[in-house]
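Okay, input_28.pdb now, which holds PDB, C-alpha atoms, pLDDT in the B column:
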ATOM      1  CA  MET J   1       9.743 -47.314  86.626  1.00 38.00           C
ATOM      2  CA  LYS J   2      12.516 -45.535  88.515  1.00 41.00           C
ATOM      3  CA  SER J   3      16.053 -46.778  88.283  1.00 43.00           C
ATOM      4  CA  SER J   4      18.071 -47.686  91.337  1.00 45.00           C
ATOM      5  CA  LYS J   5      19.963 -44.414  90.831  1.00 46.00           C
ATOM      6  CA  ASP J   6      16.750 -42.533  91.673  1.00 49.00           C
ATOM      7  CA  GLU J   7      16.128 -44.126  95.064  1.00 50.00           C
ATOM      8  CA  PRO J   8      18.539 -44.099  98.031  1.00 48.00           C
ATOM      9  CA  LYS J   9      19.565 -47.560  99.163  1.00 52.00           C
ATOM     10  CA  HIS J  10      19.546 -46.311 102.752  1.00 51.00           C
ATOM     11  CA  PRO J  11      16.910 -44.221 104.535  1.00 54.00           C
ATOM     12  CA  THR J  12      17.966 -40.613 104.694  1.00 73.00           C
ATOM     13  CA  THR J  13      17.005 -37.393 106.389  1.00 91.00           C
ATOM     14  CA  ILE J  14      17.464 -34.163 104.467  1.00 95.00           C
ATOM     15  CA  ARG J  15      17.735 -31.239 106.853  1.00 95.00           C
ATOM     16  CA  PRO J  16      19.335 -27.803 107.190  1.00 94.00           C
ATOM     17  CA  THR J  17      23.073 -27.970 107.751  1.00 95.00           C
ATOM     18  CA  LEU J  18      24.194 -27.560 111.364  1.00 94.00           C
ATOM     19  CA  ARG J  19      27.476 -26.202 112.735  1.00 94.00           C
ATOM     20  CA  ARG J  20      28.275 -29.628 114.127  1.00 95.00           C
ATOM     21  CA  ASP J  21      28.212 -31.012 110.549  1.00 95.00           C
ATOM     22  CA  LEU J  22      31.203 -28.939 109.433  1.00 95.00           C
ATOM     23  CA  PRO J  23      34.027 -31.385 110.300  1.00 95.00           C
ATOM     24  CA  ALA J  24      32.294 -34.222 108.400  1.00 95.00           C
ATOM     25  CA  LEU J  25      31.435 -31.911 105.483  1.00 95.00           C
ATOM     26  CA  LYS J  26      35.037 -30.702 105.255  1.00 95.00           C
ATOM     27  CA  ALA J  27      36.236 -34.314 105.160  1.00 94.00           C
ATOM     28  CA  MET J  28      33.691 -35.031 102.400  1.00 93.00           C
ATOM     29  CA  ILE J  29      34.845 -32.016 100.366  1.00 92.00           C
ATOM     30  CA  ASP J  30      38.478 -33.090 100.780  1.00 93.00           C
ATOM     31  CA  ALA J  31      37.645 -36.676  99.795  1.00 92.00           C
ATOM     32  CA  ASN J  32      35.994 -35.396  96.616  1.00 88.00           C
ATOM     33  CA  GLY J  33      38.762 -32.862  95.863  1.00 85.00           C
ATOM     34  CA  LEU J  34      36.178 -30.135  95.191  1.00 82.00           C
ATOM     35  CA  PHE J  35      37.963 -27.120  96.687  1.00 85.00           C
ATOM     36  CA  PRO J  36      40.085 -26.390  99.769  1.00 88.00           C
ATOM     37  CA  SER J  37      37.799 -27.356 102.656  1.00 90.00           C
ATOM     38  CA  GLU J  38      39.071 -24.424 104.729  1.00 91.00           C
ATOM     39  CA  MET J  39      36.840 -22.264 102.521  1.00 92.00           C
ATOM     40  CA  LEU J  40      33.709 -23.916 103.932  1.00 93.00           C
ATOM     41  CA  ASP J  41      33.687 -21.898 107.179  1.00 92.00           C
ATOM     42  CA  ASP J  42      33.410 -18.598 105.281  1.00 92.00           C
ATOM     43  CA  MET J  43      30.961 -20.017 102.750  1.00 91.00           C
ATOM     44  CA  VAL J  44      28.471 -21.176 105.373  1.00 93.00           C
ATOM     45  CA  SER J  45      28.965 -18.455 108.027  1.00 90.00           C
ATOM     46  CA  SER J  46      26.162 -16.138 106.843  1.00 88.00           C
ATOM     47  CA  PHE J  47      23.738 -19.096 106.779  1.00 91.00           C
ATOM     48  CA  PHE J  48      24.415 -19.779 110.456  1.00 89.00           C
ATOM     49  CA  THR J  49      24.053 -16.121 111.443  1.00 86.00           C
ATOM     50  CA  GLY J  50      20.913 -15.623 109.359  1.00 79.00           C
ATOM     51  CA  GLY J  51      22.516 -12.720 107.516  1.00 63.00           C
ATOM     52  CA  ALA J  52      22.171 -14.129 104.017  1.00 57.00           C
ATOM     53  CA  GLY J  53      18.403 -14.532 104.189  1.00 64.00           C
ATOM     54  CA  THR J  54      17.511 -16.909 101.399  1.00 83.00           C
ATOM     55  CA  GLU J  55      20.667 -18.966 100.861  1.00 90.00           C
ATOM     56  CA  GLN J  56      20.126 -22.631 101.662  1.00 93.00           C
ATOM     57  CA  TRP J  57      22.476 -25.282 103.008  1.00 95.00           C
ATOM     58  CA  LEU J  58      21.125 -28.824 103.253  1.00 96.00           C
ATOM     59  CA  THR J  59      22.715 -31.970 104.619  1.00 96.00           C
ATOM     60  CA  VAL J  60      21.738 -35.566 103.981  1.00 95.00           C
ATOM     61  CA  ASP J  61      22.024 -37.309 107.329  1.00 93.00           C
ATOM     62  CA  ASP J  62      22.245 -41.077 107.436  1.00 90.00           C
ATOM     63  CA  GLY J  63      23.871 -41.700 110.801  1.00 88.00           C
ATOM     64  CA  GLY J  64      25.987 -38.616 110.060  1.00 90.00           C
ATOM     65  CA  PRO J  65      26.419 -36.286 107.090  1.00 94.00           C
ATOM     66  CA  VAL J  66      26.767 -38.146 103.787  1.00 93.00           C
ATOM     67  CA  ALA J  67      25.905 -35.328 101.342  1.00 94.00           C
ATOM     68  CA  VAL J  68      25.595 -31.552 101.245  1.00 95.00           C
ATOM     69  CA  ALA J  69      24.069 -28.917  98.966  1.00 95.00           C
ATOM     70  CA  TYR J  70      24.269 -25.138  98.784  1.00 95.00           C
ATOM     71  CA  TYR J  71      21.926 -23.089  96.628  1.00 96.00           C
ATOM     72  CA  VAL J  72      21.054 -19.414  96.358  1.00 94.00           C
ATOM     73  CA  PRO J  73      18.647 -17.190  94.443  1.00 94.00           C
ATOM     74  CA  GLU J  74      20.150 -15.474  91.410  1.00 93.00           C
ATOM     75  CA  ARG J  75      20.237 -11.719  91.967  1.00 91.00           C
ATOM     76  CA  MET J  76      18.179  -9.481  89.708  1.00 94.00           C
ATOM     77  CA  THR J  77      15.975 -12.352  88.459  1.00 92.00           C
ATOM     78  CA  GLN J  78      12.535 -13.645  89.281  1.00 92.00           C
ATOM     79  CA  GLY J  79      12.493 -17.265  90.366  1.00 92.00           C
ATOM     80  CA  THR J  80      15.972 -18.317  89.230  1.00 95.00           C
ATOM     81  CA  TRP J  81      18.233 -20.223  91.632  1.00 96.00           C
ATOM     82  CA  ASN J  82      21.832 -21.450  91.441  1.00 96.00           C
ATOM     83  CA  LEU J  83      22.936 -24.775  92.880  1.00 96.00           C
ATOM     84  CA  LEU J  84      26.529 -23.901  93.766  1.00 92.00           C
ATOM     85  CA  LEU J  85      27.537 -27.070  95.599  1.00 91.00           C
ATOM     86  CA  ILE J  86      26.311 -30.619  95.798  1.00 93.00           C
ATOM     87  CA  ALA J  87      28.617 -33.296  97.115  1.00 92.00           C
ATOM     88  CA  VAL J  88      28.190 -36.881  98.237  1.00 93.00           C
ATOM     89  CA  HIS J  89      30.811 -38.724 100.254  1.00 93.00           C
ATOM     90  CA  PRO J  90      32.731 -41.024  97.878  1.00 92.00           C
ATOM     91  CA  ASP J  91      31.740 -44.081  99.936  1.00 90.00           C
ATOM     92  CA  ARG J  92      28.068 -43.213  99.367  1.00 91.00           C
ATOM     93  CA  GLN J  93      28.139 -42.210  95.699  1.00 89.00           C
ATOM     94  CA  GLY J  94      25.939 -44.227  93.375  1.00 89.00           C
ATOM     95  CA  GLN J  95      23.458 -45.014  96.157  1.00 89.00           C
ATOM     96  CA  GLY J  96      20.884 -42.333  95.334  1.00 90.00           C
ATOM     97  CA  GLN J  97      21.904 -39.771  97.950  1.00 91.00           C
ATOM     98  CA  GLY J  98      22.712 -37.060  95.397  1.00 92.00           C
ATOM     99  CA  THR J  99      19.531 -37.724  93.446  1.00 93.00           C
ATOM    100  CA  ALA J 100      17.419 -37.565  96.618  1.00 92.00           C
ATOM    101  CA  LEU J 101      19.025 -34.263  97.584  1.00 94.00           C
ATOM    102  CA  LEU J 102      18.621 -32.789  94.099  1.00 96.00           C
ATOM    103  CA  ARG J 103      14.957 -33.853  93.893  1.00 95.00           C
ATOM    104  CA  HIS J 104      14.322 -32.388  97.343  1.00 95.00           C
ATOM    105  CA  ILE J 105      15.713 -29.024  96.224  1.00 96.00           C
ATOM    106  CA  GLU J 106      13.752 -29.082  92.955  1.00 96.00           C
ATOM    107  CA  GLN J 107      10.498 -29.917  94.733  1.00 93.00           C
ATOM    108  CA  ALA J 108      10.977 -27.295  97.451  1.00 93.00           C
ATOM    109  CA  LEU J 109      11.764 -24.556  94.939  1.00 94.00           C
ATOM    110  CA  GLY J 110       8.958 -25.637  92.599  1.00 93.00           C
ATOM    111  CA  ALA J 111       6.451 -25.645  95.471  1.00 92.00           C
ATOM    112  CA  ASP J 112       7.499 -22.065  96.241  1.00 91.00           C
ATOM    113  CA  GLY J 113       6.793 -21.059  92.633  1.00 92.00           C
ATOM    114  CA  GLU J 114      10.440 -20.726  91.609  1.00 94.00           C
ATOM    115  CA  ARG J 115      11.085 -21.148  87.867  1.00 94.00           C
ATOM    116  CA  LEU J 116      14.636 -22.261  87.082  1.00 96.00           C
ATOM    117  CA  LEU J 117      17.503 -24.097  88.712  1.00 97.00           C
ATOM    118  CA  LEU J 118      20.977 -23.549  87.284  1.00 98.00           C
ATOM    119  CA  VAL J 119      23.975 -25.749  88.064  1.00 97.00           C
ATOM    120  CA  GLN J 120      27.561 -24.760  87.433  1.00 94.00           C
ATOM    121  CA  THR J 121      30.366 -27.270  87.149  1.00 93.00           C
ATOM    122  CA  SER J 122      33.752 -27.778  85.592  1.00 93.00           C
ATOM    123  CA  GLY J 123      34.324 -28.801  82.004  1.00 95.00           C
ATOM    124  CA  LEU J 124      37.381 -30.888  82.938  1.00 94.00           C
ATOM    125  CA  GLU J 125      37.342 -34.528  81.901  1.00 94.00           C
ATOM    126  CA  SER J 126      37.492 -35.508  85.577  1.00 89.00           C
ATOM    127  CA  PHE J 127      34.030 -33.891  86.019  1.00 91.00           C
ATOM    128  CA  GLY J 128      32.482 -35.978  83.229  1.00 93.00           C
ATOM    129  CA  ARG J 129      30.593 -38.144  85.719  1.00 91.00           C
ATOM    130  CA  THR J 130      29.178 -34.992  87.333  1.00 91.00           C
ATOM    131  CA  ARG J 131      27.934 -33.664  83.998  1.00 95.00           C
ATOM    132  CA  THR J 132      26.396 -37.063  83.191  1.00 95.00           C
ATOM    133  CA  PHE J 133      24.642 -36.987  86.572  1.00 95.00           C
ATOM    134  CA  TYR J 134      22.889 -33.711  85.734  1.00 96.00           C
ATOM    135  CA  ARG J 135      22.036 -34.685  82.161  1.00 97.00           C
ATOM    136  CA  SER J 136      20.472 -37.944  83.325  1.00 96.00           C
ATOM    137  CA  ARG J 137      18.281 -36.005  85.751  1.00 96.00           C
ATOM    138  CA  GLY J 138      16.774 -33.716  83.151  1.00 96.00           C
ATOM    139  CA  TYR J 139      19.280 -30.857  83.066  1.00 98.00           C
ATOM    140  CA  ALA J 140      20.353 -29.420  79.729  1.00 97.00           C
ATOM    141  CA  GLU J 141      23.698 -27.786  79.065  1.00 97.00           C
ATOM    142  CA  GLU J 142      22.787 -24.144  78.602  1.00 97.00           C
ATOM    143  CA  ALA J 143      26.189 -22.456  78.395  1.00 97.00           C
ATOM    144  CA  ARG J 144      29.917 -23.007  78.467  1.00 98.00           C
ATOM    145  CA  ILE J 145      32.375 -20.276  79.388  1.00 98.00           C
ATOM    146  CA  ARG J 146      35.817 -21.182  78.092  1.00 98.00           C
ATOM    147  CA  ASP J 147      38.800 -20.936  80.452  1.00 98.00           C
ATOM    148  CA  PHE J 148      36.585 -19.645  83.288  1.00 97.00           C
ATOM    149  CA  TYR J 149      38.106 -21.310  86.349  1.00 94.00           C
ATOM    150  CA  GLN J 150      41.629 -21.290  84.937  1.00 95.00           C
ATOM    151  CA  ALA J 151      43.285 -21.686  81.556  1.00 97.00           C
ATOM    152  CA  GLY J 152      41.915 -24.892  80.040  1.00 97.00           C
ATOM    153  CA  GLU J 153      39.066 -25.298  82.553  1.00 96.00           C
ATOM    154  CA  ASP J 154      35.648 -24.287  81.285  1.00 97.00           C
ATOM    155  CA  LYS J 155      32.597 -23.479  83.358  1.00 96.00           C
ATOM    156  CA  VAL J 156      29.587 -25.544  82.224  1.00 97.00           C
ATOM    157  CA  ILE J 157      26.128 -24.292  83.156  1.00 97.00           C
ATOM    158  CA  PHE J 158      23.148 -26.633  83.209  1.00 98.00           C
ATOM    159  CA  ARG J 159      19.507 -25.490  83.353  1.00 97.00           C
ATOM    160  CA  LYS J 160      16.256 -27.116  84.410  1.00 97.00           C
ATOM    161  CA  VAL J 161      12.759 -25.676  84.436  1.00 96.00           C
ATOM    162  CA  LEU J 162      11.199 -26.468  87.791  1.00 95.00           C
ATOM    163  CA  ALA J 163       7.867 -28.255  87.948  1.00 69.00           C
ATOM    164  CA  ARG J 164       4.990 -26.123  89.080  1.00 65.00           C
ATOM    165  CA  PRO J 165       2.698 -27.554  91.739  1.00 55.00           C
ATOM    166  CA  VAL J 166      -0.704 -28.602  90.421  1.00 57.00           C
ATOM    167  CA  ALA J 167      -3.458 -26.343  91.769  1.00 56.00           C
TER     168      ALA J 167
END

As C-alpha cells - that is how I would like this structure written.
Amino acid sequence: MKSSKDEPKHPTTIRPTLRRDLPALKAMIDANGLFPSEMLDDMVSSFFTGGAGTEQWLTVDDGGPVAVAYYVPERMTQGTWNLLLIAVHPDRQGQGQGTALLRHIEQALGADGERLLLVQTSGLESFGRTRTFYRSRGYAEEARIRDFYQAGEDKVIFRKVLARPVA
C-alpha cells in the first residue's frame, strides 16, 4: 500500500515548463532558498530556444506552477541522467507533488531505456529533509565530495537504477 507521501493530495498536471511559468518558478526558488532566482533565466534559456536538445524542464501545474524539475543526460555515458533541480513550493511540500514529479521523470526515462538517474544535493544539515526524501524513494547515497560547494558544504550524490519497461 502506498503512503500518503506517494500520492498528491491535489490533481496535478506535469508538463514542459513554459516561459510564462518563470515568475512563479523564481518565487518558488526564492521561497526555498535554493539559489539566486536571477540565475533561472540563463539556466532555462537553451530549453526555450531548443538549443540544448535533450535537457528537460518540467513543471507541476495545479492552478499555477507548484513544482519544477530540471534534468539532463550525463555526457560521455550511455543512459545516465542527472536530476539537477527539483523544487516544490513550500506551501505544497508534503502533499506528494515532489514524489509525483520524481516518479514521472523515472518512468519517462525508464520507458526510453535509460539506465541511471543521479541526484546531487547539499550535505548541509538544512538539506537533511531533502536527503531523506531521496532515500525514502529508493535512492542510495553513492558519493560524497567534501567541501564541494564551499568550505564545509559537501556535495552528496544519490543513484537509482531505472526500471526497465516489461516487453

So which residues get picked by the PyMOL selection byres ((chain J and resi 13) around 9) here, written as a ChimeraX atom specification? /J:11-12,14-15,59-62

Where is the centre and how long are the edges: axis-aligned box on region 84-91 of chain J, 5 Å on each side, Å to one decimal, as AutoDock Vina command-line options:
--center_x 29.5 --center_y -34.0 --center_z 97.0 --size_x 16.4 --size_y 30.2 --size_z 16.5

Given the file shown, determine the residues that the PyMOL selection byres ((chain J and resi 19) around 12) selects; report them as a VMD selection string. chain J and resid 16 to 18 20 to 26 40 to 41 44 to 49 57 to 59 65

Test item: residues at most 8 Å from Glu106 (chain J), all atoms listed in the file, excluding those fewer than 4 positions along its chain, as number ranges by chain: J: 102, 110, 117, 162-163

Hey, can you spit out that residue selection with C-alpha atoms as an mmCIF file, keeping the file's coordinate frame?
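Result file again-v3.cif:
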data_model
loop_
_atom_site.group_PDB
_atom_site.id
_atom_site.type_symbol
_atom_site.label_atom_id
_atom_site.label_comp_id
_atom_site.auth_asym_id
_atom_site.auth_seq_id
_atom_site.Cartn_x
_atom_site.Cartn_y
_atom_site.Cartn_z
ATOM 1 C CA LEU J 102 18.621 -32.789 94.099
ATOM 2 C CA GLY J 110 8.958 -25.637 92.599
ATOM 3 C CA LEU J 117 17.503 -24.097 88.712
ATOM 4 C CA LEU J 162 11.199 -26.468 87.791
ATOM 5 C CA ALA J 163 7.867 -28.255 87.948
#

Residue members of the PyMOL selection byres ((chain J and resi 153) around 12) in the file shown, as a short mmCIF file (atom, residue, chain, number, x, y, z; two decimals) with C-alpha atoms, keeping the file's coordinate frame:
data_model
loop_
_atom_site.label_atom_id
_atom_site.label_comp_id
_atom_site.auth_asym_id
_atom_site.auth_seq_id
_atom_site.Cartn_x
_atom_site.Cartn_y
_atom_site.Cartn_z
CA THR J 121 30.37 -27.27 87.15
CA SER J 122 33.75 -27.78 85.59
CA GLY J 123 34.32 -28.80 82.00
CA LEU J 124 37.38 -30.89 82.94
CA GLU J 125 37.34 -34.53 81.90
CA SER J 126 37.49 -35.51 85.58
CA PHE J 127 34.03 -33.89 86.02
CA ARG J 144 29.92 -23.01 78.47
CA ILE J 145 32.38 -20.28 79.39
CA ARG J 146 35.82 -21.18 78.09
CA ASP J 147 38.80 -20.94 80.45
CA PHE J 148 36.58 -19.64 83.29
CA TYR J 149 38.11 -21.31 86.35
CA GLN J 150 41.63 -21.29 84.94
CA ALA J 151 43.28 -21.69 81.56
CA GLY J 152 41.92 -24.89 80.04
CA ASP J 154 35.65 -24.29 81.28
CA LYS J 155 32.60 -23.48 83.36
CA VAL J 156 29.59 -25.54 82.22
#

CA of Glu55 (chain J) to CA of Asp91 (chain J), straight-line distance in Å: 27.5 Å

Rounded to one decimal in Å, what is the spacing between CA of Arg115 (chain J) and CA of Gln95 (chain J)? 28.1 Å

Here is a test: counting all atoms listed in the file, which residue of J:Pro90, J:Gly79, J:Gly64, J:Gly138 is nearest to Asp30 (chain J)?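 Under the stated criterion, the closest residue is J:Pro90.
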
Given the choices J:Gly128, J:Asp42, J:Leu109, J:His104, which gets closest to Pro73 (chain J) if the distance is worked out from all atoms listed in the file? J:Leu109

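Taking all atoms listed in the file into account, Thr99 (chain J) lies nearest to J:Ile86 out of the set J:Met43, J:Val72, J:Ile86, J:Ala31.
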